[in-house]
Structure formats: structure tokens, C-alpha cells
Amino acid sequence: MRTLVKTFAAAALIAVSTFTMAAEGPGAKATKVNVNLSTADFALEHYVAVTTEGESAGVEQLFAADFNQKIQATNAQSNSRSEVVKSLKKQKGEKLNCTVSTDILEESADYMIAKVTLKFEDFTKTDLVTLERLGNDWKVSKSINSYK
């Protein structure tokens with residue numbers, strides 16, 4: 001039940017942010033946008049929006065300075081924060097054709113581990129995401145991807 005509530009909250013947040021961006025229009029100034037990352041749930045919702053919906057606002061703000069992404073595949077890869085941010089900025093506005101589900105695996109006052117599953121037509125991507133409270137904001141500090 002808790003996961004269902006979080007899923008609906010994530011959908012509502014994505015919808016509100018989409019309508020807000022649409023209201024600004026194409027001529028809006030390209031100013032730095034501060035995204036609300038005051039809770040782990042908000043940070044996770046924003047991470048999902050950034051990685052699956054092409055959301056570009058607050059990308060730099062979302063990731064911890066020591067963020068690292070590992071991709072478990074035949075040729076294991078590791079990507080730094082700057083590489084991931086650059087890649088996500090290039091995907092601005094591109095929506096992935098997949099079904100997304102999130103499960104909270106572990107949660108405390110200062111960290112959260114979540115499993116984000118993206119089901120595509122021919123494969124499934126599983127992303128284990130670690131979020132940490134840094135000061136007043138939550139940041140994504142690690143991501144481990146695997147494919148089936």
C-alpha cells in the first residue's frame with residue numbers, strides 16, 4: 001500500500017512539473033532551477049523523471065559530488081557524475097517507452113536504497129539507487145544498473 005501511495009505521488013509530481021514547464025513556454029529564460037529535494041521521496045521521484053522522462057531541470061543538483069554509476073553487463077562499465085549529467089542533459093525531452101516501477105528496499109533518516117525497474121518491450125533494466133541526506137537536501141550517491 002505504501003509503494004502504491006508513493007507511485008501516485010510520483011505521478012502527481014511529474015504531472016505538476018510537466019504542466020509548470022509547459023506554462024513557461026519555449027521562450028522562457030534558461031535560468032538555474034532549484035528542484036525540491038528536501039525528502040528522499042522527492043529526490044527519487046525527480047531521479048525517475050530525469051532518467052525516464054527527459055526532465056532536465058535540476059540535474060546537477062540531484063547528484064552527489066562523489067556520485068558513481070556502475071553498469072553490470074558483459075563489459076562492466078563505470079561512469080562518473082560529470083559523464084552521467086552530460087548524458088542526461090543530451091536526453092532532454094526524450095521519454096523512454098517503458099513501464100516504470102519503484103520499490104523502497106531500505107530507508108532510514110539519512111539514506112534510502114530503492115529499486116527502479118524499467119520494463120521495455122524486449123528487456124528489463126533494474127537500477128539500484130542509493131540516496132543520502134546531505135545537509136538539507138537528498139542526493140543520489142550511487143546507481144547500479146543491470147539488464148535482463
# chains A, B, ... in the order shown; residues from 1 in each chain; ligands from 1
$ residues_around --residues "range 122-132 of chain A" --least-positions-apart "5" --cutoff "10 Å" --atoms "only C-alpha atoms" --output "PyMOL selection string"
chain A and resi 39-41+43-44+47+62-64+67+69-71+98-117+137-148
$ residues_around --residues "Val84 in chain A" --least-positions-apart "5" --cutoff "9 Å" --atoms "only C-alpha atoms" --output "PyMOL selection string"
chain A and resi 68-69+79+89
$ write_last_selection --atoms "C-alpha atoms" --output "short mmCIF file (atom, residue, chain, number, x, y, z; two decimals), in the first residue's frame"
data_model
loop_
_atom_site.label_atom_id
_atom_site.label_comp_id
_atom_site.auth_asym_id
_atom_site.auth_seq_id
_atom_site.Cartn_x
_atom_site.Cartn_y
_atom_site.Cartn_z
CA ASN A 68 29.18 6.87 -9.33
CA GLN A 69 27.19 4.74 -11.75
CA ASN A 79 30.52 6.37 -15.12
CA LYS A 89 21.33 16.74 -20.46
#
